[in-house]
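To be precise, the following lines are target-v3.cif, and they hold mmCIF, C-alpha atoms.
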```
data_structure
#
loop_
_atom_site.label_atom_id
_atom_site.label_comp_id
_atom_site.auth_asym_id
_atom_site.auth_seq_id
_atom_site.Cartn_x
_atom_site.Cartn_y
_atom_site.Cartn_z
CA MET G 118 132.14 180.76 -61.83
CA SER G 119 129.25 179.58 -63.99
CA GLU G 120 129.66 178.91 -67.72
CA LYS G 121 127.56 181.98 -68.43
CA ASP G 122 129.74 184.28 -66.29
CA ARG G 123 133.18 183.12 -67.44
CA PRO G 124 135.17 185.33 -69.83
CA GLN G 125 134.91 184.30 -73.45
CA ARG G 126 138.00 182.43 -74.62
CA VAL G 127 139.79 183.53 -77.77
CA MET G 128 142.68 181.48 -79.16
CA ILE G 129 145.24 183.41 -81.21
CA VAL G 130 147.15 181.19 -83.63
CA GLU G 131 150.02 183.38 -84.81
CA ASP G 132 153.78 182.75 -85.11
CA ASP G 133 154.73 186.44 -84.95
CA GLN G 134 155.29 186.55 -81.20
CA ARG G 135 155.32 190.33 -80.91
CA LEU G 136 152.06 190.72 -82.82
CA ALA G 137 150.48 187.85 -80.90
CA SER G 138 151.48 189.34 -77.54
CA LEU G 139 150.16 192.79 -78.44
CA THR G 140 146.88 191.28 -79.63
CA GLN G 141 146.63 189.15 -76.49
CA GLU G 142 147.16 192.17 -74.24
CA TYR G 143 144.56 194.24 -76.10
CA LEU G 144 141.90 191.52 -76.02
CA GLN G 145 142.56 190.79 -72.35
CA ARG G 146 142.10 194.48 -71.51
CA ASN G 147 138.70 194.18 -73.19
CA GLY G 148 137.54 191.29 -71.07
CA PHE G 149 138.59 188.17 -73.00
CA GLN G 150 140.57 185.19 -71.81
CA VAL G 151 143.26 184.69 -74.46
CA LEU G 152 144.98 181.44 -75.37
CA MET G 153 148.10 181.45 -77.54
CA GLU G 154 149.52 179.04 -80.09
CA SER G 155 152.18 179.49 -82.79
CA ASP G 156 152.44 176.04 -84.39
CA GLY G 157 149.98 174.69 -86.97
CA PRO G 158 149.76 170.99 -85.96
CA GLN G 159 149.67 171.88 -82.27
CA ALA G 160 146.90 174.41 -82.97
CA ILE G 161 144.78 171.65 -84.53
CA ARG G 162 145.10 169.52 -81.40
CA ARG G 163 144.41 172.37 -79.02
CA ILE G 164 141.42 173.81 -80.87
CA ILE G 165 139.71 170.41 -80.96
CA GLN G 166 140.56 169.67 -77.32
CA GLU G 167 139.99 173.08 -75.72
CA GLN G 168 137.10 174.37 -77.89
CA PRO G 169 137.72 178.13 -77.58
CA ASP G 170 134.77 180.42 -78.20
CA LEU G 171 136.59 181.96 -81.18
CA VAL G 172 139.85 181.36 -83.05
CA VAL G 173 141.93 184.13 -84.63
CA LEU G 174 143.93 182.15 -87.18
CA ASP G 175 146.86 183.42 -89.25
CA VAL G 176 147.34 181.92 -92.71
CA MET G 177 151.14 181.65 -92.54
CA LEU G 178 152.19 179.20 -89.81
CA PRO G 179 155.03 176.73 -89.24
CA GLY G 180 154.23 173.03 -89.54
CA CYS G 181 151.08 173.54 -91.62
CA ASP G 182 149.33 176.67 -92.80
CA GLY G 183 146.20 178.23 -91.38
CA LEU G 184 144.05 176.98 -94.24
CA THR G 185 144.97 173.40 -93.33
CA VAL G 186 144.29 174.10 -89.66
CA CYS G 187 140.86 175.49 -90.52
CA ARG G 188 139.98 172.51 -92.69
CA GLU G 189 141.14 169.97 -90.11
CA VAL G 190 139.31 171.45 -87.11
CA ARG G 191 136.10 172.64 -88.78
CA ALA G 192 134.16 169.39 -88.44
CA GLN G 193 134.84 169.29 -84.67
CA HIS G 194 134.64 173.02 -84.05
CA PHE G 195 131.49 173.75 -86.01
CA HIS G 196 129.60 176.07 -83.72
CA HIS G 197 132.48 178.40 -82.82
CA PRO G 198 133.71 181.11 -85.22
CA ILE G 199 137.08 181.13 -86.95
CA LEU G 200 138.47 184.52 -88.02
CA MET G 201 141.26 184.27 -90.58
CA LEU G 202 144.12 186.76 -90.79
CA THR G 203 145.36 187.16 -94.36
CA ALA G 204 148.44 189.08 -95.48
CA ARG G 205 148.38 188.84 -99.27
CA SER G 206 147.06 191.65 -101.43
CA ASP G 207 144.92 189.41 -103.65
CA ASP G 208 141.82 187.67 -102.44
CA MET G 209 142.93 184.06 -102.94
CA ASP G 210 143.68 183.44 -99.25
CA GLN G 211 140.33 184.97 -98.35
CA VAL G 212 138.38 182.80 -100.77
CA LEU G 213 140.29 179.66 -99.79
CA GLY G 214 139.74 180.43 -96.11
CA LEU G 215 136.00 180.71 -96.61
CA GLU G 216 135.98 177.49 -98.62
CA MET G 217 137.78 175.75 -95.74
CA GLY G 218 135.05 176.95 -93.37
CA ALA G 219 136.32 180.25 -91.95
CA ASP G 220 133.56 182.58 -90.74
CA ASP G 221 135.24 185.87 -91.58
CA TYR G 222 138.61 187.34 -92.42
CA VAL G 223 140.61 190.52 -91.99
CA ALA G 224 143.71 191.59 -93.93
CA LYS G 225 146.96 192.26 -92.08
CA PRO G 226 148.06 194.63 -90.77
CA VAL G 227 144.85 195.19 -88.84
CA GLN G 228 144.14 197.87 -86.25
CA PRO G 229 143.44 196.33 -82.81
CA ARG G 230 140.09 198.11 -82.50
CA VAL G 231 139.03 196.72 -85.90
CA LEU G 232 139.99 193.20 -84.87
CA LEU G 233 138.13 193.64 -81.57
CA ALA G 234 135.00 194.81 -83.42
CA ARG G 235 135.09 191.78 -85.74
CA VAL G 236 135.63 189.40 -82.82
CA ARG G 237 132.69 190.87 -80.93
CA ALA G 238 130.47 190.83 -84.02
CA LEU G 239 131.18 187.14 -84.68
CA LEU G 240 130.48 186.19 -81.07
CA ARG G 241 127.25 188.22 -81.03
CA ARG G 242 126.06 186.41 -84.14
CA VAL G 243 126.58 183.03 -82.52
CA GLU G 244 124.89 184.13 -79.29
CA GLY G 245 122.01 185.90 -81.02
CA GLY G 246 123.02 189.39 -79.85
CA ASP G 247 120.92 191.15 -77.24
CA GLU G 248 117.59 190.02 -78.65
CA GLU G 249 115.37 187.35 -77.20
CA PRO G 250 116.24 183.95 -78.65
CA GLN G 251 114.15 183.15 -81.69
CA GLN G 252 112.48 179.75 -81.34
CA GLN G 253 110.88 179.93 -84.76
CA ARG G 254 111.40 177.15 -87.24
CA LEU G 255 111.07 177.55 -90.97
CA GLU G 256 110.01 174.55 -93.03
CA PHE G 257 110.40 174.29 -96.79
CA GLY G 258 109.16 170.80 -97.58
CA GLU G 259 111.95 168.46 -96.47
CA LEU G 260 114.22 171.35 -95.46
CA ILE G 261 113.81 172.48 -91.84
CA ILE G 262 115.73 175.41 -90.34
CA ASP G 263 115.44 175.65 -86.54
CA ASN G 264 116.71 179.00 -85.31
CA GLY G 265 116.33 178.04 -81.65
CA ALA G 266 118.72 175.12 -82.04
CA ARG G 267 120.63 176.76 -84.92
CA SER G 268 120.24 173.51 -86.81
CA VAL G 269 119.37 172.52 -90.37
CA SER G 270 117.91 169.18 -91.42
CA LEU G 271 117.20 167.84 -94.88
CA ARG G 272 115.01 164.76 -95.34
CA GLY G 273 115.24 164.10 -91.61
CA GLU G 274 119.04 164.24 -91.47
CA LEU G 275 120.98 166.99 -89.71
CA VAL G 276 123.33 168.91 -92.01
CA ASP G 277 126.54 170.51 -90.72
CA PHE G 278 126.81 174.28 -91.21
CA THR G 279 129.46 176.66 -90.00
CA SER G 280 128.07 179.53 -87.93
CA ALA G 281 128.57 181.95 -90.84
CA GLU G 282 126.85 179.62 -93.32
CA TYR G 283 123.94 179.15 -90.93
CA ASP G 284 123.56 182.89 -90.37
CA LEU G 285 123.45 183.54 -94.11
CA LEU G 286 120.97 180.72 -94.71
CA TRP G 287 118.68 181.95 -91.91
CA LEU G 288 118.84 185.52 -93.19
CA LEU G 289 117.85 184.45 -96.71
CA ALA G 290 115.23 181.93 -95.58
CA SER G 291 113.61 184.31 -93.08
CA HIS G 292 113.23 186.79 -95.96
CA ALA G 293 111.97 184.14 -98.39
CA GLY G 294 110.38 185.74 -101.43
CA THR G 295 112.43 188.93 -101.06
CA ILE G 296 115.59 189.71 -103.02
CA LEU G 297 118.44 190.63 -100.67
CA SER G 298 121.28 192.61 -102.18
CA ARG G 299 124.88 192.05 -101.18
CA GLU G 300 124.69 195.43 -99.44
CA ASP G 301 121.73 194.18 -97.37
CA ILE G 302 123.54 190.97 -96.49
CA PHE G 303 126.80 192.69 -95.48
CA ALA G 304 124.96 195.20 -93.32
CA SER G 305 122.97 192.46 -91.56
CA LEU G 306 125.72 189.90 -91.04
CA ARG G 307 128.97 191.83 -90.82
CA GLY G 308 127.90 195.35 -89.90
CA ILE G 309 130.04 196.85 -92.66
CA GLU G 310 129.40 198.28 -96.09
CA TYR G 311 129.84 196.11 -99.15
CA ASP G 312 132.90 197.28 -101.06
CA GLY G 313 131.79 195.92 -104.43
CA GLN G 314 134.59 193.34 -104.58
CA ASP G 315 134.29 191.06 -101.55
CA ARG G 316 133.40 187.52 -102.68
CA SER G 317 132.62 185.98 -99.29
CA ILE G 318 128.85 185.94 -99.81
CA ASP G 319 129.19 184.22 -103.18
CA VAL G 320 131.54 181.61 -101.73
CA ARG G 321 129.15 180.84 -98.89
CA ILE G 322 126.17 180.58 -101.23
CA SER G 323 128.11 178.05 -103.32
CA ARG G 324 128.76 176.01 -100.15
CA ILE G 325 125.18 176.26 -98.87
CA ARG G 326 123.39 175.19 -102.06
CA PRO G 327 124.48 171.53 -102.14
CA LYS G 328 123.95 171.23 -98.39
CA ILE G 329 120.24 172.05 -98.79
CA GLY G 330 119.80 169.84 -101.85
CA ASP G 331 120.02 172.68 -104.36
CA ASP G 332 121.55 172.14 -107.77
CA PRO G 333 124.60 174.47 -107.99
CA ASP G 334 124.26 174.69 -111.78
CA ASN G 335 120.49 175.23 -111.84
CA PRO G 336 119.44 176.31 -108.33
CA ARG G 337 115.76 176.31 -107.51
CA ARG G 338 115.95 177.22 -103.81
CA ILE G 339 118.52 180.05 -103.65
CA LYS G 340 118.48 181.96 -106.90
CA THR G 341 120.96 184.54 -108.10
CA VAL G 342 119.15 187.60 -109.43
CA ARG G 343 121.53 189.35 -111.79
CA SER G 344 122.61 192.83 -110.64
CA LYS G 345 120.28 192.61 -107.63
CA GLY G 346 121.32 189.89 -105.21
CA TYR G 347 119.94 186.59 -103.93
CA LEU G 348 116.40 185.26 -103.58
CA PHE G 349 115.34 182.39 -101.36
CA VAL G 350 112.28 180.88 -103.04
CA ARG G 351 109.23 181.06 -100.79
CA GLU G 352 107.26 178.02 -101.99
CA SER G 353 105.98 175.63 -99.30
CA LEU G 354 107.10 177.90 -96.43
CA THR G 355 105.52 177.11 -93.06
CA TYR G 356 106.30 178.47 -89.60
CA ALA G 357 106.55 176.18 -86.61
#
```

Please re-express this file's structure in structure tokens.
Amino acid sequence: MSEKDRPQRVMIVEDDQRLASLTQEYLQRNGFQVLMESDGPQAIRRIIQEQPDLVVLDVMLPGCDGLTVCREVRAQHFHHPILMLTARSDDMDQVLGLEMGADDYVAKPVQPRVLLARVRALLRRVEGGDEEPQQQRLEFGELIIDNGARSVSLRGELVDFTSAEYDLLWLLASHAGTILSREDIFASLRGIEYDGQDRSIDVRISRIRPKIGDDPDNPRRIKTVRSKGYLFVRESLTYA
């Protein structure tokens, strides 16, 4: 079987064996190959070694928590999504997960069909969906964003971005000069409505700014437009 034809591999990192088994069965019925792990330190080793296409990662794990797992594997698992499962009612786990490099999160308990939809959406984003691959590059002076290679370079040096950070940067940069509201961003990147409280976009913007040489305290490239959204400044834009 060629790489293109093989089932996509999802690793579930969850110590609740009943929940993990039910999730495994549901994803397998929908065409995925499912790997299982219940221990934090072992999950770190396996994710780095086996490079699954997507990781479903619970926050509460024995050995070390999911936030630690995410932080430890992110640098060597950069181009594959990590979906965090959070159980707490406040948003601290969600914010911390995003800061550690998670691509998305869902709160437990989660309906299997909702989890499946989020898994598919994350994988489509990485693969570029059903559209023809975009080979276009955007250049903003010393900042180059190559959507064919899904790479970002600043002053000639490649900069590491998670898949979610890259998708947000490309969305903003490809609409340079246009204010995008949080509603616009959520609809484009996550396919869901903005609930007025989710902070994931703000967290990612705060991570992206220093990576592209922007001053977090006085940004000149990605500006926050009060009550409206975010604006990627258009100056010096060229297409390649």

Contacts of Leu239 (chain G) at 7 Å or less, counting all atoms listed in the file, minus same-chain residues fewer than 4 places along, as a CSV table (one decimal) with C-alpha atoms, in the coordinates of the input?
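Output saved as selection25.csv:
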```csv
chain,number,residue,atom,x,y,z
G,198,PRO,CA,133.7,181.1,-85.2
G,235,ARG,CA,135.1,191.8,-85.7
G,243,VAL,CA,126.6,183.0,-82.5
```

- Between CA of Thr279 (chain G) and CA of Arg324 (chain G), what is the spacing in Å?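 If I compute the distance from CA of Arg324 (chain G) to CA of Thr279 (chain G), I get 10.2 Å.
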
- Just the residues within 10 Å of Leu275 (chain G), please, counting all atoms listed in the file, with nothing from its chain fewer than 5 positions along; format it as a list in words.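 Residues meeting the cut-off are Leu260, Ile261, Ile262, Ser268, Val269 and Ser270 of chain G.
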
Starting from the shown file, work through the PyMOL selection byres ((chain G and resi 232) around 10) and note down what comes out as a PDB file with C-alpha atoms, in the frame of the given file.
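Contents of result_29.pdb, as written:
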```
ATOM      1  CA  THR G 140     146.880 191.280 -79.630  1.00  0.00           C
ATOM      2  CA  TYR G 143     144.560 194.240 -76.100  1.00  0.00           C
ATOM      3  CA  LEU G 144     141.900 191.520 -76.020  1.00  0.00           C
ATOM      4  CA  VAL G 173     141.930 184.130 -84.630  1.00  0.00           C
ATOM      5  CA  LEU G 200     138.470 184.520 -88.020  1.00  0.00           C
ATOM      6  CA  LEU G 202     144.120 186.760 -90.790  1.00  0.00           C
ATOM      7  CA  TYR G 222     138.610 187.340 -92.420  1.00  0.00           C
ATOM      8  CA  VAL G 223     140.610 190.520 -91.990  1.00  0.00           C
ATOM      9  CA  ALA G 224     143.710 191.590 -93.930  1.00  0.00           C
ATOM     10  CA  VAL G 227     144.850 195.190 -88.840  1.00  0.00           C
ATOM     11  CA  GLN G 228     144.140 197.870 -86.250  1.00  0.00           C
ATOM     12  CA  PRO G 229     143.440 196.330 -82.810  1.00  0.00           C
ATOM     13  CA  ARG G 230     140.090 198.110 -82.500  1.00  0.00           C
ATOM     14  CA  VAL G 231     139.030 196.720 -85.900  1.00  0.00           C
ATOM     15  CA  LEU G 233     138.130 193.640 -81.570  1.00  0.00           C
ATOM     16  CA  ALA G 234     135.000 194.810 -83.420  1.00  0.00           C
ATOM     17  CA  ARG G 235     135.090 191.780 -85.740  1.00  0.00           C
ATOM     18  CA  VAL G 236     135.630 189.400 -82.820  1.00  0.00           C
ATOM     19  CA  ARG G 237     132.690 190.870 -80.930  1.00  0.00           C
ATOM     20  CA  ALA G 238     130.470 190.830 -84.020  1.00  0.00           C
TER      21      ALA G 238
END
```

- Message: I need the residue nearest Val172 (chain G) from this list: G:Leu240, G:Thr185, G:Leu136, G:Arg146. Use all atoms listed in the file for the distance.
- Response: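 Using all atoms listed in the file, Val172 (chain G) sits closest to G:Leu240.
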
- Query: With all atoms listed in the file as the atoms that count, which of G:Glu189, G:Gln134, G:Ala204, G:Phe195 lies nearest to Asp175 (chain G)?
  - Reply: G:Ala204

- Ile318 (chain G) environment, 9 Å, only C-alpha atoms, sequence neighbours closer than 3 positions dropped, as a ChimeraX atom specification: /G:285,299,302-303,315,321-323

Can region 299-335 of chain G be brought up to N, CA and C atoms and written out as a PDB file, in the frame of the given file?
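See out_28.pdb below for the written result:
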```pdb
ATOM      1  N   ARG G 299     123.657 192.277-101.940  1.00  0.00           N
ATOM      2  CA  ARG G 299     124.880 192.050-101.180  1.00  0.00           C
ATOM      3  C   ARG G 299     125.054 193.139-100.127  1.00  0.00           C
ATOM      4  N   GLU G 300     124.621 194.354-100.427  1.00  0.00           N
ATOM      5  CA  GLU G 300     124.690 195.430 -99.440  1.00  0.00           C
ATOM      6  C   GLU G 300     123.835 195.096 -98.223  1.00  0.00           C
ATOM      7  N   ASP G 301     122.620 194.571 -98.466  1.00  0.00           N
ATOM      8  CA  ASP G 301     121.730 194.180 -97.370  1.00  0.00           C
ATOM      9  C   ASP G 301     122.388 193.094 -96.511  1.00  0.00           C
ATOM     10  N   ILE G 302     122.966 192.116 -97.193  1.00  0.00           N
ATOM     11  CA  ILE G 302     123.540 190.970 -96.490  1.00  0.00           C
ATOM     12  C   ILE G 302     124.744 191.403 -95.648  1.00  0.00           C
ATOM     13  N   PHE G 303     125.625 192.219 -96.225  1.00  0.00           N
ATOM     14  CA  PHE G 303     126.800 192.690 -95.480  1.00  0.00           C
ATOM     15  C   PHE G 303     126.379 193.499 -94.267  1.00  0.00           C
ATOM     16  N   ALA G 304     125.403 194.371 -94.439  1.00  0.00           N
ATOM     17  CA  ALA G 304     124.960 195.200 -93.320  1.00  0.00           C
ATOM     18  C   ALA G 304     124.375 194.349 -92.204  1.00  0.00           C
ATOM     19  N   SER G 305     123.635 193.310 -92.563  1.00  0.00           N
ATOM     20  CA  SER G 305     122.970 192.460 -91.560  1.00  0.00           C
ATOM     21  C   SER G 305     123.951 191.534 -90.855  1.00  0.00           C
ATOM     22  N   LEU G 306     124.877 190.948 -91.607  1.00  0.00           N
ATOM     23  CA  LEU G 306     125.720 189.900 -91.040  1.00  0.00           C
ATOM     24  C   LEU G 306     127.073 190.381 -90.558  1.00  0.00           C
ATOM     25  N   ARG G 307     127.617 191.411 -91.194  1.00  0.00           N
ATOM     26  CA  ARG G 307     128.970 191.830 -90.820  1.00  0.00           C
ATOM     27  C   ARG G 307     129.026 193.254 -90.294  1.00  0.00           C
ATOM     28  N   GLY G 308     127.934 193.996 -90.429  1.00  0.00           N
ATOM     29  CA  GLY G 308     127.900 195.350 -89.900  1.00  0.00           C
ATOM     30  C   GLY G 308     128.824 196.308 -90.617  1.00  0.00           C
ATOM     31  N   ILE G 309     129.186 195.974 -91.868  1.00  0.00           N
ATOM     32  CA  ILE G 309     130.040 196.850 -92.660  1.00  0.00           C
ATOM     33  C   ILE G 309     129.441 197.019 -94.032  1.00  0.00           C
ATOM     34  N   GLU G 310     129.908 198.038 -94.740  1.00  0.00           N
ATOM     35  CA  GLU G 310     129.400 198.280 -96.090  1.00  0.00           C
ATOM     36  C   GLU G 310     130.063 197.328 -97.077  1.00  0.00           C
ATOM     37  N   TYR G 311     129.303 196.937 -98.082  1.00  0.00           N
ATOM     38  CA  TYR G 311     129.840 196.110 -99.150  1.00  0.00           C
ATOM     39  C   TYR G 311     130.730 196.961-100.041  1.00  0.00           C
ATOM     40  N   ASP G 312     131.952 196.471-100.308  1.00  0.00           N
ATOM     41  CA  ASP G 312     132.900 197.280-101.060  1.00  0.00           C
ATOM     42  C   ASP G 312     132.849 197.031-102.565  1.00  0.00           C
ATOM     43  N   GLY G 313     131.931 196.183-103.006  1.00  0.00           N
ATOM     44  CA  GLY G 313     131.790 195.920-104.430  1.00  0.00           C
ATOM     45  C   GLY G 313     132.701 194.839-104.955  1.00  0.00           C
ATOM     46  N   GLN G 314     133.635 194.335-104.117  1.00  0.00           N
ATOM     47  CA  GLN G 314     134.590 193.340-104.580  1.00  0.00           C
ATOM     48  C   GLN G 314     134.622 192.089-103.721  1.00  0.00           C
ATOM     49  N   ASP G 315     134.219 192.194-102.486  1.00  0.00           N
ATOM     50  CA  ASP G 315     134.290 191.060-101.550  1.00  0.00           C
ATOM     51  C   ASP G 315     133.463 189.884-102.081  1.00  0.00           C
ATOM     52  N   ARG G 316     134.052 188.696-102.123  1.00  0.00           N
ATOM     53  CA  ARG G 316     133.400 187.520-102.680  1.00  0.00           C
ATOM     54  C   ARG G 316     132.888 186.543-101.622  1.00  0.00           C
ATOM     55  N   SER G 317     132.953 186.932-100.347  1.00  0.00           N
ATOM     56  CA  SER G 317     132.620 185.980 -99.290  1.00  0.00           C
ATOM     57  C   SER G 317     131.188 185.481 -99.367  1.00  0.00           C
ATOM     58  N   ILE G 318     130.248 186.360 -99.717  1.00  0.00           N
ATOM     59  CA  ILE G 318     128.850 185.940 -99.810  1.00  0.00           C
ATOM     60  C   ILE G 318     128.681 184.904-100.913  1.00  0.00           C
ATOM     61  N   ASP G 319     129.303 185.147-102.057  1.00  0.00           N
ATOM     62  CA  ASP G 319     129.190 184.220-103.180  1.00  0.00           C
ATOM     63  C   ASP G 319     129.786 182.859-102.833  1.00  0.00           C
ATOM     64  N   VAL G 320     130.914 182.872-102.128  1.00  0.00           N
ATOM     65  CA  VAL G 320     131.540 181.610-101.730  1.00  0.00           C
ATOM     66  C   VAL G 320     130.620 180.834-100.803  1.00  0.00           C
ATOM     67  N   ARG G 321     130.022 181.532 -99.841  1.00  0.00           N
ATOM     68  CA  ARG G 321     129.150 180.840 -98.890  1.00  0.00           C
ATOM     69  C   ARG G 321     127.892 180.298 -99.586  1.00  0.00           C
ATOM     70  N   ILE G 322     127.335 181.063-100.496  1.00  0.00           N
ATOM     71  CA  ILE G 322     126.170 180.580-101.230  1.00  0.00           C
ATOM     72  C   ILE G 322     126.518 179.295-101.968  1.00  0.00           C
ATOM     73  N   SER G 323     127.707 179.248-102.578  1.00  0.00           N
ATOM     74  CA  SER G 323     128.110 178.050-103.320  1.00  0.00           C
ATOM     75  C   SER G 323     128.287 176.862-102.392  1.00  0.00           C
ATOM     76  N   ARG G 324     128.628 177.096-101.121  1.00  0.00           N
ATOM     77  CA  ARG G 324     128.760 176.010-100.150  1.00  0.00           C
ATOM     78  C   ARG G 324     127.400 175.589 -99.585  1.00  0.00           C
ATOM     79  N   ILE G 325     126.483 176.551 -99.453  1.00  0.00           N
ATOM     80  CA  ILE G 325     125.180 176.260 -98.870  1.00  0.00           C
ATOM     81  C   ILE G 325     124.298 175.464 -99.827  1.00  0.00           C
ATOM     82  N   ARG G 326     124.317 175.807-101.102  1.00  0.00           N
ATOM     83  CA  ARG G 326     123.390 175.190-102.060  1.00  0.00           C
ATOM     84  C   ARG G 326     123.397 173.667-102.021  1.00  0.00           C
ATOM     85  N   PRO G 327     124.536 173.002-102.172  1.00  0.00           N
ATOM     86  CA  PRO G 327     124.480 171.530-102.140  1.00  0.00           C
ATOM     87  C   PRO G 327     124.058 170.966-100.786  1.00  0.00           C
ATOM     88  N   LYS G 328     124.321 171.709 -99.715  1.00  0.00           N
ATOM     89  CA  LYS G 328     123.950 171.230 -98.390  1.00  0.00           C
ATOM     90  C   LYS G 328     122.435 171.191 -98.200  1.00  0.00           C
ATOM     91  N   ILE G 329     121.699 172.047 -98.926  1.00  0.00           N
ATOM     92  CA  ILE G 329     120.240 172.050 -98.790  1.00  0.00           C
ATOM     93  C   ILE G 329     119.569 171.376 -99.990  1.00  0.00           C
ATOM     94  N   GLY G 330     120.358 170.598-100.736  1.00  0.00           N
ATOM     95  CA  GLY G 330     119.800 169.840-101.850  1.00  0.00           C
ATOM     96  C   GLY G 330     119.560 170.643-103.095  1.00  0.00           C
ATOM     97  N   ASP G 331     120.195 171.828-103.197  1.00  0.00           N
ATOM     98  CA  ASP G 331     120.020 172.680-104.360  1.00  0.00           C
ATOM     99  C   ASP G 331     121.050 172.307-105.428  1.00  0.00           C
ATOM    100  N   ASP G 332     120.655 172.411-106.664  1.00  0.00           N
ATOM    101  CA  ASP G 332     121.550 172.140-107.770  1.00  0.00           C
ATOM    102  C   ASP G 332     122.418 173.373-108.014  1.00  0.00           C
ATOM    103  N   PRO G 333     123.756 173.291-107.813  1.00  0.00           N
ATOM    104  CA  PRO G 333     124.600 174.470-107.990  1.00  0.00           C
ATOM    105  C   PRO G 333     124.521 175.064-109.396  1.00  0.00           C
ATOM    106  N   ASP G 334     124.294 174.216-110.402  1.00  0.00           N
ATOM    107  CA  ASP G 334     124.260 174.690-111.780  1.00  0.00           C
ATOM    108  C   ASP G 334     122.895 175.256-112.185  1.00  0.00           C
ATOM    109  N   ASN G 335     121.846 174.763-111.529  1.00  0.00           N
ATOM    110  CA  ASN G 335     120.490 175.230-111.840  1.00  0.00           C
ATOM    111  C   ASN G 335     119.690 175.325-110.545  1.00  0.00           C
TER     112      ASN G 335
END
```
